[in-house]
file query31.pdb (PDB, C-alpha atoms)
ATOM      1  CA  SER A1477      17.104 -67.247  22.658  1.00  0.00           C
ATOM      2  CA  GLN A1478      14.171 -69.581  22.398  1.00  0.00           C
ATOM      3  CA  THR A1479      12.380 -70.190  19.128  1.00  0.00           C
ATOM      4  CA  ILE A1480       9.341 -72.262  18.378  1.00  0.00           C
ATOM      5  CA  HIS A1481       8.628 -73.529  14.868  1.00  0.00           C
ATOM      6  CA  GLN A1482       5.323 -74.825  13.569  1.00  0.00           C
ATOM      7  CA  TRP A1483       4.515 -76.311  10.171  1.00  0.00           C
ATOM      8  CA  PRO A1484       2.794 -76.377   7.879  1.00  0.00           C
ATOM      9  CA  ALA A1485       1.463 -72.834   8.198  1.00  0.00           C
ATOM     10  CA  THR A1486      -1.606 -73.568   6.096  1.00  0.00           C
ATOM     11  CA  LEU A1487      -3.287 -76.833   5.248  1.00  0.00           C
ATOM     12  CA  VAL A1488      -6.402 -77.741   3.284  1.00  0.00           C
ATOM     13  CA  GLN A1489      -7.446 -81.358   3.692  1.00  0.00           C
ATOM     14  CA  PRO A1490     -10.469 -83.439   2.672  1.00  0.00           C
ATOM     15  CA  VAL A1491     -12.690 -85.074   5.258  1.00  0.00           C
ATOM     16  CA  GLY A1492     -11.377 -88.487   6.210  1.00  0.00           C
ATOM     17  CA  SER A1493      -7.745 -87.728   5.384  1.00  0.00           C
ATOM     18  CA  PRO A1494      -4.925 -87.969   7.959  1.00  0.00           C
ATOM     19  CA  LEU A1495      -3.256 -85.017   9.656  1.00  0.00           C
ATOM     20  CA  SER A1496       0.178 -84.300  11.023  1.00  0.00           C
ATOM     21  CA  LEU A1497       1.169 -80.921  12.453  1.00  0.00           C
ATOM     22  CA  GLU A1498       4.655 -80.561  13.817  1.00  0.00           C
ATOM     23  CA  CYS A1499       6.155 -78.257  16.394  1.00  0.00           C
ATOM     24  CA  THR A1500       9.779 -77.949  17.443  1.00  0.00           C
ATOM     25  CA  VAL A1501      11.440 -75.764  20.042  1.00  0.00           C
ATOM     26  CA  GLU A1502      14.975 -74.400  20.046  1.00  0.00           C
ATOM     27  CA  GLY A1503      17.024 -72.818  22.783  1.00  0.00           C
ATOM     28  CA  THR A1504      15.614 -74.657  25.765  1.00  0.00           C
ATOM     29  CA  SER A1505      15.587 -78.183  27.136  1.00  0.00           C
ATOM     30  CA  ASN A1506      12.820 -80.203  28.755  1.00  0.00           C
ATOM     31  CA  PRO A1507      10.102 -77.650  27.987  1.00  0.00           C
ATOM     32  CA  ASN A1508       6.428 -78.102  28.733  1.00  0.00           C
ATOM     33  CA  LEU A1509       4.682 -78.291  25.372  1.00  0.00           C
ATOM     34  CA  TYR A1510       1.093 -77.497  24.452  1.00  0.00           C
ATOM     35  CA  TRP A1511      -1.346 -77.751  21.575  1.00  0.00           C
ATOM     36  CA  TYR A1512      -4.237 -75.296  21.496  1.00  0.00           C
ATOM     37  CA  ARG A1513      -7.017 -74.938  18.939  1.00  0.00           C
ATOM     38  CA  GLN A1514      -8.795 -71.729  18.089  1.00  0.00           C
ATOM     39  CA  ALA A1515     -12.038 -71.997  16.148  1.00  0.00           C
ATOM     40  CA  ALA A1516     -12.915 -69.005  13.955  1.00  0.00           C
ATOM     41  CA  GLY A1517     -13.595 -65.969  16.157  1.00  0.00           C
ATOM     42  CA  ARG A1518     -13.303 -68.002  19.338  1.00  0.00           C
ATOM     43  CA  GLY A1519     -10.937 -68.395  22.249  1.00  0.00           C
ATOM     44  CA  LEU A1520      -8.163 -70.935  22.717  1.00  0.00           C
ATOM     45  CA  GLN A1521      -9.036 -74.459  23.714  1.00  0.00           C
ATOM     46  CA  LEU A1522      -6.298 -76.548  25.329  1.00  0.00           C
ATOM     47  CA  LEU A1523      -6.051 -79.873  23.501  1.00  0.00           C
ATOM     48  CA  PHE A1524      -2.911 -81.562  24.825  1.00  0.00           C
ATOM     49  CA  TYR A1525       0.065 -80.790  26.993  1.00  0.00           C
ATOM     50  CA  SER A1526       3.279 -82.663  27.666  1.00  0.00           C
ATOM     51  CA  VAL A1527       5.796 -82.365  30.479  1.00  0.00           C
ATOM     52  CA  GLY A1528       8.291 -84.828  29.017  1.00  0.00           C
ATOM     53  CA  ILE A1529       9.074 -87.325  26.260  1.00  0.00           C
ATOM     54  CA  GLY A1530       6.208 -89.749  25.822  1.00  0.00           C
ATOM     55  CA  GLN A1531       4.081 -87.988  28.458  1.00  0.00           C
ATOM     56  CA  ILE A1532       0.858 -86.644  26.978  1.00  0.00           C
ATOM     57  CA  SER A1533      -2.166 -85.282  28.816  1.00  0.00           C
ATOM     58  CA  SER A1534      -5.380 -84.935  26.855  1.00  0.00           C
ATOM     59  CA  GLU A1535      -7.826 -82.246  27.858  1.00  0.00           C
ATOM     60  CA  VAL A1536     -10.661 -82.862  25.456  1.00  0.00           C
ATOM     61  CA  PRO A1537     -11.698 -86.272  24.068  1.00  0.00           C
ATOM     62  CA  GLN A1538     -11.782 -85.938  20.316  1.00  0.00           C
ATOM     63  CA  ASN A1539     -10.565 -87.056  16.981  1.00  0.00           C
ATOM     64  CA  LEU A1540      -6.990 -85.902  17.567  1.00  0.00           C
ATOM     65  CA  SER A1541      -3.910 -87.344  19.241  1.00  0.00           C
ATOM     66  CA  ALA A1542      -0.513 -85.975  20.203  1.00  0.00           C
ATOM     67  CA  SER A1543       2.939 -87.451  20.522  1.00  0.00           C
ATOM     68  CA  ARG A1544       6.282 -86.277  21.828  1.00  0.00           C
ATOM     69  CA  PRO A1545       8.970 -88.468  20.287  1.00  0.00           C
ATOM     70  CA  GLN A1546      11.826 -86.134  21.239  1.00  0.00           C
ATOM     71  CA  ASP A1547      12.388 -83.597  24.000  1.00  0.00           C
ATOM     72  CA  ARG A1548      11.706 -80.576  21.810  1.00  0.00           C
ATOM     73  CA  GLN A1549       9.279 -82.062  19.287  1.00  0.00           C
ATOM     74  CA  PHE A1550       5.503 -82.172  19.636  1.00  0.00           C
ATOM     75  CA  ILE A1551       3.236 -83.631  16.959  1.00  0.00           C
ATOM     76  CA  LEU A1552      -0.520 -83.325  16.546  1.00  0.00           C
ATOM     77  CA  SER A1553      -2.168 -86.062  14.489  1.00  0.00           C
ATOM     78  CA  SER A1554      -5.431 -87.448  13.267  1.00  0.00           C
ATOM     79  CA  LYS A1555      -6.172 -90.628  11.360  1.00  0.00           C
ATOM     80  CA  LYS A1556      -9.389 -89.282   9.806  1.00  0.00           C
ATOM     81  CA  LEU A1557     -10.211 -85.588   9.800  1.00  0.00           C
ATOM     82  CA  LEU A1558     -13.705 -84.263  10.447  1.00  0.00           C
ATOM     83  CA  LEU A1559     -15.166 -80.972   9.287  1.00  0.00           C
ATOM     84  CA  SER A1560     -15.194 -79.836  12.919  1.00  0.00           C
ATOM     85  CA  ASP A1561     -11.402 -80.194  13.074  1.00  0.00           C
ATOM     86  CA  SER A1562     -11.026 -77.004  11.032  1.00  0.00           C
ATOM     87  CA  GLY A1563      -9.370 -74.225  12.975  1.00  0.00           C
ATOM     88  CA  PHE A1564      -6.175 -72.485  13.902  1.00  0.00           C
ATOM     89  CA  TYR A1565      -3.764 -74.712  15.803  1.00  0.00           C
ATOM     90  CA  LEU A1566      -1.176 -73.169  18.048  1.00  0.00           C
ATOM     91  CA  CYS A1567       1.798 -74.878  19.615  1.00  0.00           C
ATOM     92  CA  ALA A1568       3.294 -73.325  22.727  1.00  0.00           C
ATOM     93  CA  HIS A1569       6.066 -74.006  25.168  1.00  0.00           C
ATOM     94  CA  GLY A1570       6.663 -73.024  28.742  1.00  0.00           C
ATOM     95  CA  ARG A1571      10.086 -72.963  30.333  1.00  0.00           C
ATOM     96  CA  ARG A1572      10.592 -74.757  33.628  1.00  0.00           C
ATOM     97  CA  GLY A1573      10.215 -72.324  36.469  1.00  0.00           C
ATOM     98  CA  ALA A1574       8.954 -69.540  34.261  1.00  0.00           C
ATOM     99  CA  ASN A1575       5.386 -68.425  33.898  1.00  0.00           C
ATOM    100  CA  VAL A1576       5.036 -67.270  30.342  1.00  0.00           C
ATOM    101  CA  LEU A1577       3.814 -69.389  27.455  1.00  0.00           C
ATOM    102  CA  THR A1578       5.528 -68.701  24.138  1.00  0.00           C
ATOM    103  CA  PHE A1579       3.550 -69.519  21.016  1.00  0.00           C
ATOM    104  CA  GLY A1580       4.426 -70.601  17.525  1.00  0.00           C
ATOM    105  CA  ALA A1581       3.034 -68.806  14.487  1.00  0.00           C
ATOM    106  CA  GLY A1582       0.170 -71.275  14.164  1.00  0.00           C
ATOM    107  CA  SER A1583      -1.151 -73.707  11.559  1.00  0.00           C
ATOM    108  CA  ARG A1584      -4.427 -72.923   9.843  1.00  0.00           C
ATOM    109  CA  LEU A1585      -6.322 -76.113   8.960  1.00  0.00           C
ATOM    110  CA  THR A1586      -9.335 -76.173   6.674  1.00  0.00           C
ATOM    111  CA  VAL A1587     -11.164 -79.455   6.298  1.00  0.00           C
ATOM    112  CA  LEU A1588     -13.427 -79.645   3.232  1.00  0.00           C
TER
ATOM    113  CA  ALA B1178     -12.772 -76.010  37.727  1.00  0.00           C
ATOM    114  CA  GLN B1179     -10.870 -72.940  36.655  1.00  0.00           C
ATOM    115  CA  LYS B1180     -12.483 -70.401  34.368  1.00  0.00           C
ATOM    116  CA  ILE B1181     -11.456 -67.150  32.749  1.00  0.00           C
ATOM    117  CA  THR B1182     -14.253 -64.787  31.699  1.00  0.00           C
ATOM    118  CA  GLN B1183     -13.977 -61.888  29.283  1.00  0.00           C
ATOM    119  CA  THR B1184     -17.396 -60.243  28.962  1.00  0.00           C
ATOM    120  CA  GLN B1185     -16.556 -57.737  26.218  1.00  0.00           C
ATOM    121  CA  PRO B1186     -16.595 -59.389  22.792  1.00  0.00           C
ATOM    122  CA  GLY B1187     -15.671 -56.089  21.143  1.00  0.00           C
ATOM    123  CA  MET B1188     -14.448 -52.645  22.161  1.00  0.00           C
ATOM    124  CA  PHE B1189     -13.767 -49.374  20.373  1.00  0.00           C
ATOM    125  CA  VAL B1190     -11.383 -46.681  21.543  1.00  0.00           C
ATOM    126  CA  GLN B1191     -10.266 -43.417  20.038  1.00  0.00           C
ATOM    127  CA  GLU B1192      -6.591 -43.131  19.188  1.00  0.00           C
ATOM    128  CA  LYS B1193      -4.494 -41.698  22.062  1.00  0.00           C
ATOM    129  CA  GLU B1194      -7.152 -42.522  24.653  1.00  0.00           C
ATOM    130  CA  ALA B1195      -6.930 -45.208  27.339  1.00  0.00           C
ATOM    131  CA  VAL B1196      -9.012 -48.375  27.314  1.00  0.00           C
ATOM    132  CA  THR B1197      -9.719 -51.076  29.888  1.00  0.00           C
ATOM    133  CA  LEU B1198     -10.321 -54.682  28.884  1.00  0.00           C
ATOM    134  CA  ASP B1199     -12.075 -56.748  31.533  1.00  0.00           C
ATOM    135  CA  CYS B1200     -11.107 -60.177  32.813  1.00  0.00           C
ATOM    136  CA  THR B1201     -12.362 -62.152  35.783  1.00  0.00           C
ATOM    137  CA  TYR B1202     -11.087 -65.470  37.001  1.00  0.00           C
ATOM    138  CA  ASP B1203     -12.704 -68.242  38.950  1.00  0.00           C
ATOM    139  CA  THR B1204     -10.469 -70.574  40.907  1.00  0.00           C
ATOM    140  CA  SER B1205     -10.267 -71.968  44.408  1.00  0.00           C
ATOM    141  CA  ASP B1206      -6.471 -72.040  44.282  1.00  0.00           C
ATOM    142  CA  GLN B1207      -4.702 -69.747  46.714  1.00  0.00           C
ATOM    143  CA  SER B1208      -2.042 -68.794  44.214  1.00  0.00           C
ATOM    144  CA  TYR B1209      -2.857 -67.928  40.628  1.00  0.00           C
ATOM    145  CA  GLY B1210      -1.119 -66.258  37.732  1.00  0.00           C
ATOM    146  CA  LEU B1211      -2.867 -63.978  35.237  1.00  0.00           C
ATOM    147  CA  PHE B1212      -1.609 -63.197  31.748  1.00  0.00           C
ATOM    148  CA  TRP B1213      -2.634 -61.056  28.814  1.00  0.00           C
ATOM    149  CA  TYR B1214      -1.856 -61.860  25.208  1.00  0.00           C
ATOM    150  CA  LYS B1215      -2.407 -59.878  22.030  1.00  0.00           C
ATOM    151  CA  GLN B1216      -3.373 -61.613  18.783  1.00  0.00           C
ATOM    152  CA  PRO B1217      -3.116 -59.446  15.647  1.00  0.00           C
ATOM    153  CA  SER B1218      -4.801 -60.490  12.423  1.00  0.00           C
ATOM    154  CA  SER B1219      -1.702 -62.541  11.525  1.00  0.00           C
ATOM    155  CA  GLY B1220      -2.689 -64.983  14.278  1.00  0.00           C
ATOM    156  CA  GLU B1221       0.461 -64.964  16.368  1.00  0.00           C
ATOM    157  CA  MET B1222       0.018 -64.765  20.130  1.00  0.00           C
ATOM    158  CA  ILE B1223       2.112 -62.035  21.705  1.00  0.00           C
ATOM    159  CA  PHE B1224       2.681 -62.010  25.459  1.00  0.00           C
ATOM    160  CA  LEU B1225       1.959 -58.607  26.994  1.00  0.00           C
ATOM    161  CA  ILE B1226       1.949 -58.746  30.768  1.00  0.00           C
ATOM    162  CA  TYR B1227       1.802 -61.077  33.776  1.00  0.00           C
ATOM    163  CA  GLN B1228       0.839 -60.774  37.421  1.00  0.00           C
ATOM    164  CA  GLY B1229       0.751 -63.315  40.220  1.00  0.00           C
ATOM    165  CA  SER B1230      -2.105 -63.181  42.709  1.00  0.00           C
ATOM    166  CA  TYR B1231       0.354 -62.535  45.551  1.00  0.00           C
ATOM    167  CA  ASP B1232       2.165 -59.678  43.875  1.00  0.00           C
ATOM    168  CA  GLU B1233       1.818 -56.495  45.883  1.00  0.00           C
ATOM    169  CA  GLN B1234       2.052 -53.999  43.045  1.00  0.00           C
ATOM    170  CA  ASN B1235       0.055 -53.972  39.837  1.00  0.00           C
ATOM    171  CA  ALA B1236       2.234 -54.986  36.912  1.00  0.00           C
ATOM    172  CA  THR B1237       3.168 -52.485  34.221  1.00  0.00           C
ATOM    173  CA  GLU B1238       4.926 -52.972  30.886  1.00  0.00           C
ATOM    174  CA  GLY B1239       5.228 -49.785  28.896  1.00  0.00           C
ATOM    175  CA  ARG B1240       1.728 -48.695  27.904  1.00  0.00           C
ATOM    176  CA  TYR B1241       0.186 -51.833  29.399  1.00  0.00           C
ATOM    177  CA  SER B1242      -0.816 -52.153  33.015  1.00  0.00           C
ATOM    178  CA  LEU B1243      -2.745 -54.784  34.856  1.00  0.00           C
ATOM    179  CA  ASN B1244      -5.419 -53.589  37.281  1.00  0.00           C
ATOM    180  CA  PHE B1245      -5.528 -56.553  39.617  1.00  0.00           C
ATOM    181  CA  GLN B1246      -8.234 -56.716  42.282  1.00  0.00           C
ATOM    182  CA  LYS B1247      -7.928 -59.940  44.239  1.00  0.00           C
ATOM    183  CA  ALA B1248     -11.166 -59.526  46.196  1.00  0.00           C
ATOM    184  CA  ARG B1249     -13.110 -59.215  42.955  1.00  0.00           C
ATOM    185  CA  LYS B1250     -10.980 -61.826  41.193  1.00  0.00           C
ATOM    186  CA  SER B1251     -10.444 -59.446  38.337  1.00  0.00           C
ATOM    187  CA  ALA B1252      -7.332 -58.724  36.283  1.00  0.00           C
ATOM    188  CA  ASN B1253      -8.214 -55.985  33.834  1.00  0.00           C
ATOM    189  CA  LEU B1254      -5.776 -54.818  31.171  1.00  0.00           C
ATOM    190  CA  VAL B1255      -5.357 -51.080  30.766  1.00  0.00           C
ATOM    191  CA  ILE B1256      -3.822 -49.780  27.555  1.00  0.00           C
ATOM    192  CA  SER B1257      -2.836 -46.133  27.750  1.00  0.00           C
ATOM    193  CA  ALA B1258      -2.442 -43.794  24.780  1.00  0.00           C
ATOM    194  CA  SER B1259      -3.974 -46.242  22.304  1.00  0.00           C
ATOM    195  CA  GLN B1260      -2.347 -46.587  18.909  1.00  0.00           C
ATOM    196  CA  LEU B1261      -3.776 -47.869  15.637  1.00  0.00           C
ATOM    197  CA  GLY B1262      -1.455 -50.861  15.938  1.00  0.00           C
ATOM    198  CA  ASP B1263      -3.203 -51.876  19.136  1.00  0.00           C
ATOM    199  CA  SER B1264      -6.189 -53.080  17.090  1.00  0.00           C
ATOM    200  CA  ALA B1265      -6.247 -56.834  17.711  1.00  0.00           C
ATOM    201  CA  MET B1266      -7.808 -59.608  19.757  1.00  0.00           C
ATOM    202  CA  TYR B1267      -6.785 -59.617  23.400  1.00  0.00           C
ATOM    203  CA  PHE B1268      -6.871 -62.753  25.513  1.00  0.00           C
ATOM    204  CA  CYS B1269      -6.729 -63.083  29.258  1.00  0.00           C
ATOM    205  CA  ALA B1270      -5.301 -66.343  30.581  1.00  0.00           C
ATOM    206  CA  GLY B1271      -4.764 -67.910  33.968  1.00  0.00           C
ATOM    207  CA  SER B1272      -2.642 -70.625  35.447  1.00  0.00           C
ATOM    208  CA  THR B1273      -2.057 -72.205  38.830  1.00  0.00           C
ATOM    209  CA  PRO B1274       1.699 -72.418  39.418  1.00  0.00           C
ATOM    210  CA  GLY B1275       3.021 -75.946  39.013  1.00  0.00           C
ATOM    211  CA  THR B1276      -0.041 -77.323  37.230  1.00  0.00           C
ATOM    212  CA  TYR B1277       1.248 -76.737  33.694  1.00  0.00           C
ATOM    213  CA  LYS B1278      -2.228 -75.760  32.519  1.00  0.00           C
ATOM    214  CA  TYR B1279      -3.104 -72.372  31.100  1.00  0.00           C
ATOM    215  CA  ILE B1280      -6.773 -71.509  30.596  1.00  0.00           C
ATOM    216  CA  PHE B1281      -7.783 -68.768  28.178  1.00  0.00           C
ATOM    217  CA  GLY B1282     -10.809 -66.510  27.998  1.00  0.00           C
ATOM    218  CA  THR B1283     -12.846 -66.023  24.831  1.00  0.00           C
ATOM    219  CA  GLY B1284     -11.092 -62.774  23.971  1.00  0.00           C
ATOM    220  CA  THR B1285     -11.967 -59.129  23.319  1.00  0.00           C
ATOM    221  CA  ARG B1286     -11.584 -57.598  19.885  1.00  0.00           C
ATOM    222  CA  LEU B1287     -10.252 -54.059  20.216  1.00  0.00           C
ATOM    223  CA  LYS B1288     -10.561 -51.548  17.410  1.00  0.00           C
ATOM    224  CA  VAL B1289      -8.644 -48.285  17.686  1.00  0.00           C
ATOM    225  CA  LEU B1290     -10.230 -45.458  15.719  1.00  0.00           C
ATOM    226  CA  ALA B1291      -8.230 -42.700  14.041  1.00  0.00           C
TER
END
call {"tool": "encode", "arguments": {"input": "query31.pdb", "output": "structure tokens"}}
result
Amino acid sequence: SQTIHQWPATLVQPVGSPLSLECTVEGTSNPNLYWYRQAAGRGLQLLFYSVGIGQISSEVPQNLSASRPQDRQFILSSKKLLLSDSGFYLCAHGRRGANVLTFGAGSRLTVL
Amino acid sequence: AQKITQTQPGMFVQEKEAVTLDCTYDTSDQSYGLFWYKQPSSGEMIFLIYQGSYDEQNATEGRYSLNFQKARKSANLVISASQLGDSAMYFCAGSTPGTYKYIFGTGTRLKVLA
């Protein structure tokens, strides 16, 4: 079965500090990988998606970047966090040929 | 551009009654997939149901059914026999096959009353 892991689950960071959120997938190969952000009480905003190692598509220009160093690893980063980066970050994967997105448990980021 | 619209920010339903959550989609693509996800207070996103725009029959999964009306570009979620555990945020999402992109609506918060 497929499993998607996200960590850390909760993070409190000061403004201007760096960020690294990690996501790994088990039980599938060559998945499509996604990072979404959910602001408090809001919907999901697609940030990045990746269809293969080193292939990153950015949906919204911002303070964040993503990398895919391995087939089943997707990392969300920032060099200097802003207050507006606070939110709930969800990693998801989609299997080739299948329609459904499967989500990780999420990482809640608070920037102070 | 594709867009998913959920016009009900919040809904209440009495336990054991049915409730319909609205979703409309805006796309010029001939083929489109619609999804519903449930997000409890824990934050996890739970897949509920899917229907493709060319599917003949409305999808059903247990107490969930999708009332799909292609002419109106709507894909409403119907929850029958509501339970207290159904209280959560519900998100409609859409995707054009092969594009890898999934667009989500702003969600509807459902509260089931005892």
call {"tool": "atom_distance", "arguments": {"input": "query31.pdb", "atom1": "CA of Gly1519 (chain A)", "atom2": "CA of Thr1182 (chain B)"}}
result
10.6 Å
call {"tool": "residues_near_point", "arguments": {"input": "query31.pdb", "point": "(5.6, -90.1, 23.2)", "cutoff": "10 Å", "atoms": "all atoms listed in the file", "output": "ChimeraX atom specification"}}
result
/A:1526,1528-1532,1542-1547,1549-1551
call {"tool": "atom_distance", "arguments": {"input": "query31.pdb", "atom1": "CA of Tyr1565 (chain A)", "atom2": "CA of Gln1183 (chain B)"}}
result
21.2 Å
call {"tool": "closest_atom_pairs", "arguments": {"input": "query31.pdb", "of": "chain B", "to": "chain A", "cutoff": "9 Å", "atoms": "only C-alpha atoms", "output": "CSV"}}
result
residue,atom,partner,partner_atom,distance
B:Gly1210,CA,A:Asn1575,CA,7.9
B:Phe1212,CA,A:Val1576,CA,7.9
B:Ser1219,CA,A:Ala1581,CA,8.4
B:Gly1220,CA,A:Ala1581,CA,6.9
B:Glu1221,CA,A:Ala1581,CA,5.0
B:Met1222,CA,A:Phe1579,CA,6.0
B:Ile1223,CA,A:Phe1579,CA,7.7
B:Phe1224,CA,A:Thr1578,CA,7.4
B:Tyr1227,CA,A:Val1576,CA,7.8
B:Phe1268,CA,A:Gly1519,CA,7.7
B:Ser1272,CA,A:Asn1575,CA,8.5
B:Pro1274,CA,A:Asn1575,CA,7.7
B:Gly1275,CA,A:Gly1573,CA,8.4
B:Tyr1277,CA,A:Asn1508,CA,7.3
B:Lys1278,CA,A:Tyr1525,CA,7.8
B:Tyr1279,CA,A:Leu1522,CA,7.8
B:Ile1280,CA,A:Leu1522,CA,7.3
B:Phe1281,CA,A:Leu1520,CA,5.9
B:Gly1282,CA,A:Gly1519,CA,6.1
B:Thr1283,CA,A:Gly1519,CA,4.0
B:Gly1284,CA,A:Gly1519,CA,5.9
call {"tool": "resolve_selection", "arguments": {"input": "query31.pdb", "expression": "the PyMOL selection byres ((chain B and resi 1188-1196) around 7)", "output": "PDB file with C-alpha atoms, in the frame of the given file"}}
result
ATOM      1  CA  GLN B1185     -16.556 -57.737  26.218  1.00  0.00           C
ATOM      2  CA  GLY B1187     -15.671 -56.089  21.143  1.00  0.00           C
ATOM      3  CA  THR B1197      -9.719 -51.076  29.888  1.00  0.00           C
ATOM      4  CA  LEU B1198     -10.321 -54.682  28.884  1.00  0.00           C
ATOM      5  CA  VAL B1255      -5.357 -51.080  30.766  1.00  0.00           C
ATOM      6  CA  ILE B1256      -3.822 -49.780  27.555  1.00  0.00           C
ATOM      7  CA  SER B1257      -2.836 -46.133  27.750  1.00  0.00           C
ATOM      8  CA  ALA B1258      -2.442 -43.794  24.780  1.00  0.00           C
ATOM      9  CA  SER B1259      -3.974 -46.242  22.304  1.00  0.00           C
ATOM     10  CA  GLN B1260      -2.347 -46.587  18.909  1.00  0.00           C
ATOM     11  CA  LEU B1261      -3.776 -47.869  15.637  1.00  0.00           C
ATOM     12  CA  ARG B1286     -11.584 -57.598  19.885  1.00  0.00           C
ATOM     13  CA  LEU B1287     -10.252 -54.059  20.216  1.00  0.00           C
ATOM     14  CA  LYS B1288     -10.561 -51.548  17.410  1.00  0.00           C
ATOM     15  CA  VAL B1289      -8.644 -48.285  17.686  1.00  0.00           C
ATOM     16  CA  LEU B1290     -10.230 -45.458  15.719  1.00  0.00           C
ATOM     17  CA  ALA B1291      -8.230 -42.700  14.041  1.00  0.00           C
TER      18      ALA B1291
END
call {"tool": "atom_distance", "arguments": {"input": "query31.pdb", "atom1": "CA of Leu1540 (chain A)", "atom2": "CA of Leu1552 (chain A)"}}
result
7.0 Å
call {"tool": "residues_around", "arguments": {"input": "query31.pdb", "residues": "Pro1484 (chain A)", "least_positions_apart": "3", "cutoff": "10 Å", "atoms": "all atoms listed in the file", "output": "PyMOL selection string"}}
result
chain A and resi 1481+1487+1496-1499+1582-1585
call {"tool": "closest_residue", "arguments": {"input": "query31.pdb", "among": "B:Ser1264, B:Thr1237, B:Thr1276, B:Thr1285", "to": "Asp1206 (chain B)", "atoms": "only C-alpha atoms"}}
result
B:Thr1276
call {"tool": "axis_aligned_box", "arguments": {"input": "query31.pdb", "around": "region 1251-1269 of chain B", "padding_each_side": "6 Å", "output": "JSON"}}
result
{"center_x": -5.9, "center_y": -53.4, "center_z": 27.0, "size_x": 21.0, "size_y": 31.3, "size_z": 34.7}
call {"tool": "resolve_selection", "arguments": {"input": "query31.pdb", "expression": "the PyMOL selection byres ((chain B and resi 1226) around 10)", "output": "list of chain:residue names"}}
result
A:Val1576, B:Leu1211, B:Phe1212, B:Trp1213, B:Tyr1214, B:Lys1215, B:Ile1223, B:Phe1224, B:Leu1225, B:Tyr1227, B:Gln1228, B:Ala1236, B:Thr1237, B:Glu1238, B:Gly1239, B:Tyr1241, B:Ser1242, B:Leu1243, B:Leu1254, B:Cys1269
call {"tool": "write_last_selection", "arguments": {"input": "query31.pdb", "atoms": "C-alpha atoms", "output": "mmCIF file, keeping the file's coordinate frame"}}
result
data_model
loop_
_atom_site.group_PDB
_atom_site.id
_atom_site.type_symbol
_atom_site.label_atom_id
_atom_site.label_comp_id
_atom_site.auth_asym_id
_atom_site.auth_seq_id
_atom_site.Cartn_x
_atom_site.Cartn_y
_atom_site.Cartn_z
ATOM 1 C CA VAL A 1576 5.036 -67.270 30.342
ATOM 2 C CA LEU B 1211 -2.867 -63.978 35.237
ATOM 3 C CA PHE B 1212 -1.609 -63.197 31.748
ATOM 4 C CA TRP B 1213 -2.634 -61.056 28.814
ATOM 5 C CA TYR B 1214 -1.856 -61.860 25.208
ATOM 6 C CA LYS B 1215 -2.407 -59.878 22.030
ATOM 7 C CA ILE B 1223 2.112 -62.035 21.705
ATOM 8 C CA PHE B 1224 2.681 -62.010 25.459
ATOM 9 C CA LEU B 1225 1.959 -58.607 26.994
ATOM 10 C CA TYR B 1227 1.802 -61.077 33.776
ATOM 11 C CA GLN B 1228 0.839 -60.774 37.421
ATOM 12 C CA ALA B 1236 2.234 -54.986 36.912
ATOM 13 C CA THR B 1237 3.168 -52.485 34.221
ATOM 14 C CA GLU B 1238 4.926 -52.972 30.886
ATOM 15 C CA GLY B 1239 5.228 -49.785 28.896
ATOM 16 C CA TYR B 1241 0.186 -51.833 29.399
ATOM 17 C CA SER B 1242 -0.816 -52.153 33.015
ATOM 18 C CA LEU B 1243 -2.745 -54.784 34.856
ATOM 19 C CA LEU B 1254 -5.776 -54.818 31.171
ATOM 20 C CA CYS B 1269 -6.729 -63.083 29.258
#
call {"tool": "resolve_selection", "arguments": {"input": "query31.pdb", "expression": "the PyMOL selection byres ((chain B and resi 1204) around 10)", "output": "ChimeraX atom specification"}}
result
/B:1178-1181,1202-1203,1205-1209,1250,1271-1273
call {"tool": "closest_residue", "arguments": {"input": "query31.pdb", "among": "B:Gly1262, B:Ala1270, B:Gln1216, B:Cys1200", "to": "Lys1247 (chain B)", "atoms": "all atoms listed in the file"}}
result
B:Cys1200
